[in-house]
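File shown: protein_31.txt (compact mmCIF, C-alpha atoms).
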# COMPACT_ATOMS: atom_id res chain seq x y z
CA MET A 1 -65.57 -25.44 -119.59
CA SER A 2 -66.26 -26.84 -116.16
CA LYS A 3 -62.91 -28.63 -116.26
CA GLY A 4 -61.16 -25.30 -116.90
CA ARG A 5 -62.98 -23.72 -113.99
CA GLY A 6 -62.02 -26.67 -111.78
CA GLU A 7 -58.34 -26.31 -112.78
CA ARG A 8 -58.45 -22.59 -112.02
CA ALA A 9 -59.98 -23.29 -108.61
CA SER A 10 -57.36 -25.91 -107.75
CA ARG A 11 -54.62 -23.50 -108.81
CA SER A 12 -56.06 -20.74 -106.63
CA VAL A 13 -55.86 -22.90 -103.48
CA PRO A 14 -52.03 -22.84 -103.28
CA VAL A 15 -52.04 -19.10 -104.06
CA VAL A 16 -54.48 -18.36 -101.23
CA SER A 17 -52.66 -20.73 -98.89
CA PHE A 18 -49.39 -19.00 -99.77
CA LEU A 19 -50.90 -15.54 -99.09
CA LEU A 20 -52.26 -16.76 -95.76
CA GLU A 21 -48.85 -18.16 -94.93
CA LEU A 22 -47.32 -14.76 -95.65
CA VAL A 23 -49.79 -13.02 -93.31
CA VAL A 24 -49.21 -15.48 -90.44
CA TYR A 25 -45.49 -15.34 -91.10
CA ALA A 26 -45.50 -11.50 -91.07
CA VAL A 27 -47.03 -11.58 -87.57
CA PHE A 28 -44.27 -13.92 -86.37
CA VAL A 29 -41.59 -11.74 -87.94
CA THR A 30 -42.94 -8.53 -86.39
CA VAL A 31 -42.92 -10.12 -82.93
CA TYR A 32 -39.41 -11.36 -83.69
CA PHE A 33 -38.21 -7.84 -84.63
CA LEU A 34 -39.68 -6.34 -81.48
CA LEU A 35 -38.60 -8.93 -78.94
CA VAL A 36 -35.55 -10.84 -80.11
CA LEU A 37 -33.62 -8.14 -81.97
CA ASP A 38 -34.17 -5.50 -79.26
CA PHE A 39 -32.99 -8.07 -76.76
CA LEU A 40 -30.01 -9.30 -78.80
CA GLY A 41 -28.87 -5.99 -80.30
CA PRO A 42 -26.99 -4.36 -77.41
CA GLY A 43 -25.34 -7.63 -76.34
CA LEU A 44 -24.13 -8.42 -79.86
CA CYS A 45 -22.84 -4.88 -80.33
CA ARG A 46 -20.85 -5.12 -77.08
CA LEU A 47 -19.48 -8.51 -78.13
CA TYR A 48 -18.47 -7.09 -81.54
CA GLN A 49 -16.47 -4.33 -79.83
CA THR A 50 -14.83 -6.47 -77.16
CA ASN A 51 -14.33 -10.02 -78.50
CA LYS A 52 -14.39 -10.60 -82.26
CA THR A 53 -13.73 -14.36 -81.99
CA THR A 54 -16.75 -15.02 -79.78
CA TYR A 55 -18.79 -12.61 -81.91
CA ALA A 56 -17.88 -14.54 -85.07
CA VAL A 57 -18.91 -17.89 -83.57
CA VAL A 58 -22.13 -16.49 -82.06
CA ALA A 59 -23.01 -14.76 -85.36
CA LEU A 60 -22.61 -17.99 -87.35
CA LEU A 61 -24.57 -20.04 -84.81
CA LEU A 62 -27.38 -17.46 -84.76
CA ILE A 63 -27.85 -17.40 -88.53
CA ILE A 64 -27.68 -21.22 -88.80
CA ALA A 65 -30.20 -21.62 -85.95
CA GLN A 66 -32.50 -19.05 -87.54
CA GLY A 67 -32.14 -20.76 -90.93
CA VAL A 68 -33.17 -24.14 -89.54
CA LEU A 69 -35.97 -22.73 -87.35
CA LEU A 70 -37.52 -20.59 -90.08
CA GLU A 71 -37.34 -23.48 -92.54
CA LEU A 72 -39.23 -25.66 -90.08
CA LEU A 73 -41.70 -22.85 -89.37
CA THR A 74 -42.45 -22.03 -93.02
CA SER A 75 -42.74 -25.73 -93.97
CA ALA A 76 -45.07 -26.42 -91.03
CA LEU A 77 -47.17 -23.37 -91.87
CA LEU A 78 -47.48 -24.45 -95.50
CA ARG A 79 -48.42 -28.04 -94.54
CA PHE A 80 -50.98 -26.82 -91.99
CA LEU A 81 -52.63 -24.44 -94.45
CA GLU A 82 -52.73 -27.06 -97.23
CA ARG A 83 -54.41 -29.57 -94.86
CA TRP A 84 -56.83 -26.86 -93.73
CA PHE A 85 -57.77 -26.05 -97.34
CA ASN A 86 -58.12 -29.68 -98.36
CA ARG A 87 -60.47 -30.31 -95.44
CA GLY A 88 -62.53 -27.25 -96.41
CA MET B 1 -34.02 0.74 -86.69
CA ASP B 2 -30.42 1.51 -85.74
CA PHE B 3 -27.82 -1.11 -86.55
CA ALA B 4 -25.05 -0.05 -84.20
CA ILE B 5 -22.46 -2.56 -85.39
CA SER B 6 -22.23 -1.06 -88.89
CA GLY B 7 -23.50 2.36 -87.74
CA VAL B 8 -26.43 2.65 -90.18
CA HIS B 9 -30.15 3.32 -89.84
CA ILE B 10 -32.37 1.10 -92.04
CA ALA B 11 -36.07 0.20 -91.91
CA PRO B 12 -36.36 -3.52 -91.03
CA ALA B 13 -39.20 -3.86 -93.59
CA TYR B 14 -36.78 -2.78 -96.36
CA LEU B 15 -34.33 -5.50 -95.32
CA ALA B 16 -37.09 -8.13 -95.09
CA VAL B 17 -38.43 -7.26 -98.57
CA VAL B 18 -34.93 -7.31 -100.09
CA GLY B 19 -34.40 -10.67 -98.37
CA PHE B 20 -37.69 -11.99 -99.74
CA LEU B 21 -36.85 -11.04 -103.35
CA VAL B 22 -33.31 -12.36 -103.03
CA GLY B 23 -34.69 -15.55 -101.47
CA ILE B 24 -36.90 -16.24 -104.49
CA LEU B 25 -33.98 -15.64 -106.86
CA GLY B 26 -31.66 -17.78 -104.75
CA GLY B 27 -34.05 -20.70 -104.55
CA PHE B 28 -34.84 -20.54 -108.26
CA PHE B 29 -31.40 -19.91 -109.76
CA GLY B 30 -29.24 -21.53 -107.08
CA VAL B 31 -27.34 -18.33 -106.47
CA GLY B 32 -26.87 -16.43 -103.24
CA GLY B 33 -28.47 -13.34 -104.72
CA SER B 34 -25.61 -11.04 -103.72
CA PHE B 35 -25.86 -9.33 -107.13
CA ILE B 36 -29.09 -7.79 -105.80
CA ALA B 37 -28.61 -7.91 -102.00
CA GLY B 38 -25.14 -6.33 -102.09
CA PRO B 39 -26.14 -3.29 -104.16
CA ALA B 40 -29.40 -2.97 -102.14
CA LEU B 41 -27.43 -2.73 -98.87
CA PHE B 42 -24.85 -0.39 -100.42
CA ALA B 43 -27.69 1.86 -101.64
CA VAL B 44 -28.93 2.50 -98.07
CA GLY B 45 -25.51 3.47 -96.77
CA VAL B 46 -23.96 0.21 -95.52
CA PRO B 47 -20.17 0.43 -96.05
CA MET B 48 -18.92 -1.95 -98.74
CA HIS B 49 -16.78 -4.13 -96.43
CA PHE B 50 -19.88 -4.65 -94.22
CA VAL B 51 -21.95 -5.39 -97.35
CA VAL B 52 -19.55 -8.20 -98.29
CA GLY B 53 -19.46 -9.88 -94.85
CA THR B 54 -23.11 -9.33 -93.91
CA ASP B 55 -24.37 -10.65 -97.23
CA LEU B 56 -22.36 -13.84 -96.70
CA ALA B 57 -23.92 -14.30 -93.24
CA HIS B 58 -27.47 -13.85 -94.55
CA ILE B 59 -26.76 -16.32 -97.33
CA VAL B 60 -25.84 -19.06 -94.83
CA GLY B 61 -29.33 -18.99 -93.30
CA LYS B 62 -31.09 -18.71 -96.64
CA SER B 63 -29.14 -21.40 -98.41
CA ILE B 64 -29.94 -23.92 -95.65
CA VAL B 65 -33.63 -23.50 -96.52
CA ALA B 66 -33.17 -23.78 -100.29
CA ALA B 67 -30.57 -26.59 -100.11
CA ARG B 68 -32.86 -28.74 -97.96
CA ARG B 69 -35.65 -28.23 -100.49
CA HIS B 70 -33.36 -29.11 -103.43
CA ARG B 71 -32.10 -32.20 -101.58
CA ALA B 72 -35.71 -33.35 -101.26
CA LEU B 73 -36.13 -32.83 -105.03
CA GLY B 74 -32.98 -34.92 -105.72
CA ASN B 75 -31.06 -31.93 -107.14
CA VAL B 76 -27.86 -32.21 -105.06
CA ASP B 77 -24.64 -34.03 -106.10
CA PHE B 78 -23.05 -34.34 -102.65
CA LYS B 79 -19.77 -35.80 -103.95
CA LEU B 80 -19.20 -32.85 -106.28
CA GLY B 81 -20.33 -30.37 -103.59
CA LEU B 82 -17.93 -31.71 -100.97
CA ILE B 83 -14.97 -31.66 -103.39
CA MET B 84 -15.76 -28.07 -104.34
CA VAL B 85 -15.95 -26.95 -100.70
CA ILE B 86 -12.17 -27.46 -100.32
CA GLY B 87 -11.30 -25.20 -103.26
CA THR B 88 -13.92 -22.64 -102.36
CA ILE B 89 -12.64 -22.15 -98.81
CA VAL B 90 -9.14 -21.46 -100.15
CA GLY B 91 -10.63 -18.94 -102.60
CA VAL B 92 -12.86 -17.25 -99.98
CA GLU B 93 -9.88 -16.64 -97.72
CA ALA B 94 -7.91 -15.13 -100.62
CA GLY B 95 -10.85 -12.86 -101.48
CA ALA B 96 -11.30 -11.80 -97.83
CA GLN B 97 -7.60 -10.89 -97.64
CA ILE B 98 -8.00 -8.68 -100.74
CA VAL B 99 -10.92 -6.88 -99.00
CA GLN B 100 -8.74 -6.38 -95.89
CA TYR B 101 -5.96 -4.88 -98.00
CA LEU B 102 -8.39 -2.50 -99.73
CA LYS B 103 -9.92 -1.55 -96.36
CA ARG B 104 -6.47 -0.54 -95.08
CA GLN B 105 -5.94 1.53 -98.24
CA ALA B 106 -9.41 3.12 -97.77
CA LYS B 107 -10.31 2.03 -101.31
CA ALA B 108 -12.69 -0.83 -100.51
CA ASP B 109 -15.92 0.95 -101.52
CA VAL B 110 -14.83 2.09 -104.99
CA VAL B 111 -12.78 -0.97 -105.99
CA ILE B 112 -15.35 -3.55 -104.82
CA ALA B 113 -18.19 -1.57 -106.40
CA CYS B 114 -16.33 -1.38 -109.73
CA GLY B 115 -15.53 -5.11 -109.48
CA PHE B 116 -19.24 -5.76 -108.95
CA ILE B 117 -20.20 -3.77 -112.06
CA VAL B 118 -17.68 -5.45 -114.37
CA VAL B 119 -18.50 -8.99 -113.20
CA LEU B 120 -22.27 -8.52 -113.22
CA VAL B 121 -22.41 -6.96 -116.70
CA ALA B 122 -20.10 -9.63 -118.15
CA ILE B 123 -22.12 -12.49 -116.66
CA SER B 124 -25.43 -11.01 -117.72
CA LEU B 125 -24.33 -10.58 -121.34
CA PHE B 126 -22.77 -14.04 -121.53
CA ILE B 127 -25.66 -15.98 -119.98
CA GLY B 128 -28.19 -13.98 -122.01
CA TRP B 129 -26.38 -14.80 -125.24
CA GLU B 130 -25.98 -18.50 -124.38
CA GLY B 131 -29.55 -18.95 -123.11
CA TRP B 132 -31.02 -17.25 -126.20
CA ARG B 133 -28.89 -19.33 -128.62
CA THR B 134 -29.79 -22.54 -126.77
CA MET B 135 -33.51 -21.72 -126.87
CA GLN B 136 -33.19 -21.15 -130.63
CA MET B 137 -31.40 -24.50 -130.96
CA ARG B 138 -34.18 -26.27 -129.02
CA ARG B 139 -36.84 -24.67 -131.23
CA SER B 140 -35.08 -25.84 -134.39
CA GLY B 141 -35.06 -29.37 -132.96
CA ARG B 142 -31.31 -29.80 -132.69
CA GLY B 143 -31.23 -29.56 -128.92
CA LYS B 144 -32.17 -33.12 -128.15
CA SER B 145 -29.96 -34.93 -130.62
CA GLY B 146 -27.10 -32.52 -131.29
CA ALA B 147 -23.72 -32.26 -129.68
CA SER B 148 -25.32 -30.79 -126.62
CA GLY B 149 -25.14 -33.05 -123.71
CA ARG B 150 -24.69 -36.35 -125.50
CA ALA B 151 -21.04 -36.83 -124.72
CA ALA B 152 -20.88 -34.40 -121.87
CA GLY B 153 -23.29 -36.33 -119.73
CA MET B 154 -25.70 -33.44 -119.71
CA LYS B 155 -28.77 -35.66 -120.03
CA SER B 156 -31.55 -33.65 -121.67
CA ASP B 157 -30.10 -30.28 -120.62
CA ALA B 158 -29.09 -28.76 -123.96
CA SER B 159 -26.55 -25.96 -124.33
CA VAL B 160 -25.20 -24.29 -127.44
CA ILE B 161 -21.71 -24.30 -125.89
CA ALA B 162 -21.77 -27.88 -124.59
CA PHE B 163 -18.46 -28.43 -126.46
CA TRP B 164 -16.74 -26.45 -123.65
CA ALA B 165 -17.71 -29.15 -121.16
CA ILE B 166 -16.69 -31.88 -123.63
CA ALA B 167 -13.23 -30.28 -123.93
CA VAL B 168 -12.93 -30.14 -120.12
CA HIS B 169 -13.93 -33.81 -119.88
CA LYS B 170 -11.16 -34.70 -122.36
CA PHE B 171 -8.59 -33.08 -120.05
CA ASN B 172 -7.50 -36.24 -118.21
CA LEU B 173 -4.81 -35.01 -115.81
CA PRO B 174 -4.93 -37.42 -112.82
CA PRO B 175 -6.52 -37.84 -110.40
CA THR B 176 -9.80 -38.35 -112.25
CA ILE B 177 -13.17 -39.10 -110.65
CA SER B 178 -16.66 -40.06 -111.75
CA LEU B 179 -19.80 -38.12 -110.83
CA PRO B 180 -22.68 -40.54 -111.54
CA VAL B 181 -25.34 -38.29 -110.00
CA SER B 182 -24.42 -35.54 -112.50
CA GLY B 183 -24.11 -38.05 -115.36
CA ILE B 184 -20.34 -37.49 -115.74
CA GLU B 185 -18.40 -40.71 -116.32
CA ARG B 186 -14.89 -39.32 -115.80
CA ILE B 187 -13.45 -35.88 -115.12
CA SER B 188 -10.13 -34.58 -113.83
CA LEU B 189 -10.22 -33.21 -110.29
CA TRP B 190 -8.32 -30.07 -111.32
CA PRO B 191 -11.03 -28.29 -113.35
CA ILE B 192 -13.44 -28.86 -110.44
CA LEU B 193 -10.98 -27.33 -107.97
CA ALA B 194 -10.23 -24.45 -110.38
CA VAL B 195 -13.95 -23.61 -110.63
CA ALA B 196 -14.24 -23.85 -106.84
CA VAL B 197 -11.23 -21.62 -106.11
CA GLY B 198 -12.36 -19.05 -108.70
CA GLY B 199 -15.87 -18.95 -107.22
CA GLY B 200 -14.40 -18.68 -103.72
CA VAL B 201 -12.23 -15.67 -104.61
CA PHE B 202 -15.30 -13.85 -105.98
CA SER B 203 -17.29 -14.88 -102.90
CA GLY B 204 -14.67 -13.53 -100.48
CA PHE B 205 -14.06 -10.39 -102.53
CA LEU B 206 -17.59 -9.39 -103.61
CA GLY B 207 -19.63 -11.15 -100.93
CA GLY B 208 -22.45 -13.62 -101.35
CA GLY B 209 -22.00 -17.18 -102.44
CA ALA B 210 -20.69 -16.21 -105.92
CA GLY B 211 -23.29 -18.52 -107.43
CA TYR B 212 -23.41 -16.10 -110.37
CA ILE B 213 -19.91 -17.40 -111.22
CA ARG B 214 -20.13 -20.97 -109.95
CA MET B 215 -23.54 -21.93 -111.30
CA PRO B 216 -22.68 -21.04 -114.94
CA ALA B 217 -19.23 -22.62 -114.51
CA LEU B 218 -20.78 -25.88 -113.29
CA VAL B 219 -23.08 -25.97 -116.31
CA TYR B 220 -20.81 -24.72 -119.09
CA LEU B 221 -17.37 -25.95 -117.98
CA LEU B 222 -18.06 -29.10 -115.97
CA GLY B 223 -21.20 -30.18 -117.88
CA VAL B 224 -23.45 -30.55 -114.82
CA PRO B 225 -27.18 -30.41 -115.70
CA THR B 226 -28.68 -27.06 -114.67
CA HIS B 227 -31.09 -28.44 -112.05
CA LEU B 228 -28.26 -30.33 -110.35
CA ALA B 229 -25.95 -27.32 -110.67
CA VAL B 230 -28.54 -25.21 -108.83
CA GLY B 231 -28.96 -27.70 -105.94
CA THR B 232 -25.25 -28.60 -105.66
CA ASP B 233 -24.25 -24.94 -105.74
CA LEU B 234 -26.63 -24.19 -102.88
CA PHE B 235 -25.29 -27.09 -100.80
CA GLU B 236 -21.75 -25.90 -101.44
CA ILE B 237 -22.70 -22.31 -100.58
CA VAL B 238 -23.95 -23.37 -97.12
CA VAL B 239 -20.49 -24.67 -96.23
CA SER B 240 -18.36 -22.03 -97.97
CA ALA B 241 -20.52 -19.08 -96.86
CA SER B 242 -20.31 -20.36 -93.27
CA TYR B 243 -16.54 -20.20 -93.54
CA GLY B 244 -16.79 -16.77 -95.21
CA THR B 245 -19.02 -15.50 -92.40
CA LEU B 246 -16.54 -16.66 -89.77
CA THR B 247 -13.48 -15.16 -91.44
CA HIS B 248 -15.23 -11.85 -92.25
CA ALA B 249 -16.75 -11.63 -88.72
CA LEU B 250 -13.26 -12.08 -87.25
CA LYS B 251 -12.14 -9.14 -89.41
CA GLY B 252 -15.08 -7.00 -88.21
CA ASN B 253 -16.98 -7.05 -91.53
CA VAL B 254 -20.28 -8.65 -90.42
CA ASP B 255 -23.35 -6.89 -88.98
CA ILE B 256 -25.23 -10.01 -87.93
CA LEU B 257 -28.38 -8.09 -86.98
CA ILE B 258 -28.83 -6.89 -90.56
CA ALA B 259 -28.27 -10.46 -91.77
CA LEU B 260 -30.86 -11.86 -89.33
CA VAL B 261 -33.52 -9.35 -90.39
CA MET B 262 -32.87 -9.91 -94.12
CA HIS B 263 -33.09 -13.63 -93.62
CA THR B 264 -36.63 -13.46 -92.20
CA GLY B 265 -37.84 -12.46 -95.68
CA ALA B 266 -35.43 -14.76 -97.49
CA ALA B 267 -36.71 -17.87 -95.67
CA VAL B 268 -40.10 -17.66 -97.38
CA GLY B 269 -38.70 -16.53 -100.74
CA ALA B 270 -36.21 -19.41 -100.92
CA GLN B 271 -39.00 -21.99 -100.55
CA ILE B 272 -40.98 -20.43 -103.38
CA GLY B 273 -37.94 -20.18 -105.67
CA ALA B 274 -36.83 -23.78 -105.11
CA THR B 275 -40.32 -25.08 -105.87
CA LEU B 276 -40.51 -22.99 -109.07
CA THR B 277 -37.43 -24.73 -110.59
CA GLU B 278 -39.62 -27.80 -111.20
CA LYS B 279 -41.70 -25.84 -113.73
CA PHE B 280 -38.90 -24.77 -116.12
CA HIS B 281 -36.18 -26.40 -118.24
CA GLY B 282 -32.49 -25.47 -117.92
CA ALA B 283 -32.14 -23.01 -120.81
CA ALA B 284 -35.27 -21.13 -119.69
CA ILE B 285 -33.86 -20.82 -116.15
CA ARG B 286 -30.58 -19.46 -117.53
CA LEU B 287 -32.29 -17.02 -119.92
CA ALA B 288 -34.52 -15.71 -117.12
CA PHE B 289 -31.41 -15.24 -114.96
CA ALA B 290 -29.57 -13.14 -117.57
CA PRO B 291 -31.05 -9.64 -116.95
CA LEU B 292 -30.89 -9.88 -113.15
CA PRO B 293 -27.18 -9.11 -112.65
CA LEU B 294 -27.74 -5.94 -114.73
CA LEU B 295 -30.20 -4.71 -112.08
CA GLY B 296 -27.51 -5.09 -109.43
CA ALA B 297 -24.92 -3.37 -111.64
CA GLY B 298 -27.35 -0.48 -112.28
CA LEU B 299 -27.96 -0.07 -108.55
CA VAL B 300 -24.22 0.05 -107.80
CA ILE B 301 -23.61 2.62 -110.57
CA TYR B 302 -26.50 4.76 -109.29
CA THR B 303 -25.22 4.60 -105.72
CA LEU B 304 -21.67 5.47 -106.75
CA LEU B 305 -22.89 8.48 -108.76
CA THR B 306 -25.24 9.84 -106.10
CA ARG B 307 -23.35 9.01 -102.91
CA HIS B 308 -21.44 12.26 -102.51
Rewrite the structure from the file as structure tokens, please.
Amino acid sequence: MSKGRGERASRSVPVVSFLLELVVYAVFVTVYFLLVLDFLGPGLCRLYQTNKTTYAVVALLLIIAQGVLLELLTSALLRFLERWFNRG
Amino acid sequence: MDFAISGVHIAPAYLAVVGFLVGILGGFFGVGGSFIAGPALFAVGVPMHFVVGTDLAHIVGKSIVAARRHRALGNVDFKLGLIMVIGTIVGVEAGAQIVQYLKRQAKADVVIACGFIVVLVAISLFIGWEGWRTMQMRRSGRGKSGASGRAAGMKSDASVIAFWAIAVHKFNLPPTISLPVSGIERISLWPILAVAVGGGVFSGFLGGGAGYIRMPALVYLLGVPTHLAVGTDLFEIVVSASYGTLTHALKGNVDILIALVMHTGAAVGAQIGATLTEKFHGAAIRLAFAPLPLLGAGLVIYTLLTRH
């Protein structure tokens, strides 16, 4: 009985850590929407209309950079929260 | 939020949620998730040629996340992935040229949407049938010792149609190679390139990484175990979707802002999906995948019927 309760508790830790990660991540993403996209939008639109070759290269670099950065961010967040829970 | 490049107005939260769901599916099934992302973009008014190019761009970012996770889990056959990249790039360019032709004829929306429906329904029915039969075979105890996988180098990954892969392995047209990571002793290069070119054409024509074609083809035709097919497909998608993004962006088919917003949700989803693959065996992954393309097909049909 107590073993079952212990298993349930250990399972709930990753779930809570994941939910916390989502909340922290949502804050990052909202700031990202407001700052980066507002800043990038007009420039990218102008580039799309005037120089497709540069636009294509910039578009690919942007999505690769964001892919790598967000992977690092989400992994770091997950590691941090797991350490935090284990300490608690 | 206004996305001036494609001329549409979409709530960023909608794009992030779609990205999140597609990210989970992509990480779990090793597919780009265009069977959901494409119809979801089409449903909010994004023109079909932008759907194709933008979806490819978003997949680049997302697949980097999932592929790195699968590499850490030992699920990537780099040799197979690099060979397939060559064929896929040829196919992607052919598919992108078809989209350009349809755009000039002003038929892109209807033809691509109909292509989506046919492909998605066919794949869903086929994988559903195969996954269900294989699960039945496993339950009756034949899965571990039967024809499945023994000669095809499929390790413990049973399939009721493993004889397809065995037939492909018997096709010895030179040059032949070995794929030790996938447990394949010898296979002709040509079936690998054929699968890659076919997947590339679908990727360039319908958008996404065409994992819904390539992943089943890797398993059923080449005999690659499902977990390795998922990881290798994702690795291959990173390279081929990058090329697809470039070629479609040059043709004016990519709204990179939409792709960036979608990817914010996909980054988290892809991590969850990739981790979940550890909990299921191959046939269960395939059976769970089966109904998903039908959702995409339903969304495209609904959008086509209600658009005007």
Within 6 Å of chain A: residues of chain B, using only C-alpha atoms, as a PyMOL selection string:
chain B and resi 5+61+65+246+249-250+256
Can you work out the spacing between CA of Ile64 (chain B) and CA of Val238 (chain B) in Å, to one decimal?
6.2 Å
Quick check, in Å to one decimal: how far apart do CA of Gly45 (chain B) and CA of His9 (chain B) lie?
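That distance, rounded to one decimal, is 8.3 Å.
When only C-alpha atoms are used to measure the gap to Thr54 (chain B), the shortest distance among B:Val118, B:Leu287, B:Leu260, B:Ile112 belongs to B:Leu260.
Going from CA of Val121 (chain B) to CA of Val18 (chain B) covers 20.8 Å.
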Considering only C-alpha atoms, can you say which of B:Gly200, B:Gly223, B:Gly131, B:Pro39 comes closest to Phe163 (chain B)?
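Between B:Gly200, B:Gly223, B:Gly131, B:Pro39, the residue approaching Phe163 (chain B) most closely is B:Gly223.
Minimum atom-to-atom distance to Leu73 (chain B), evaluated using all atoms listed in the file, belongs to B:Leu276 out of B:Val52, B:Leu276, B:Ala16, B:Met135.
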Trp129 (chain B): which residues within 9 Å, counting only C-alpha atoms, same-chain residues fewer than 5 positions away excluded, as a CSV table (one decimal) with C-alpha atoms, in the coordinates of the input?
chain,number,residue,atom,x,y,z
B,124,SER,CA,-25.4,-11.0,-117.7
B,134,THR,CA,-29.8,-22.5,-126.8
B,287,LEU,CA,-32.3,-17.0,-119.9
B,290,ALA,CA,-29.6,-13.1,-117.6
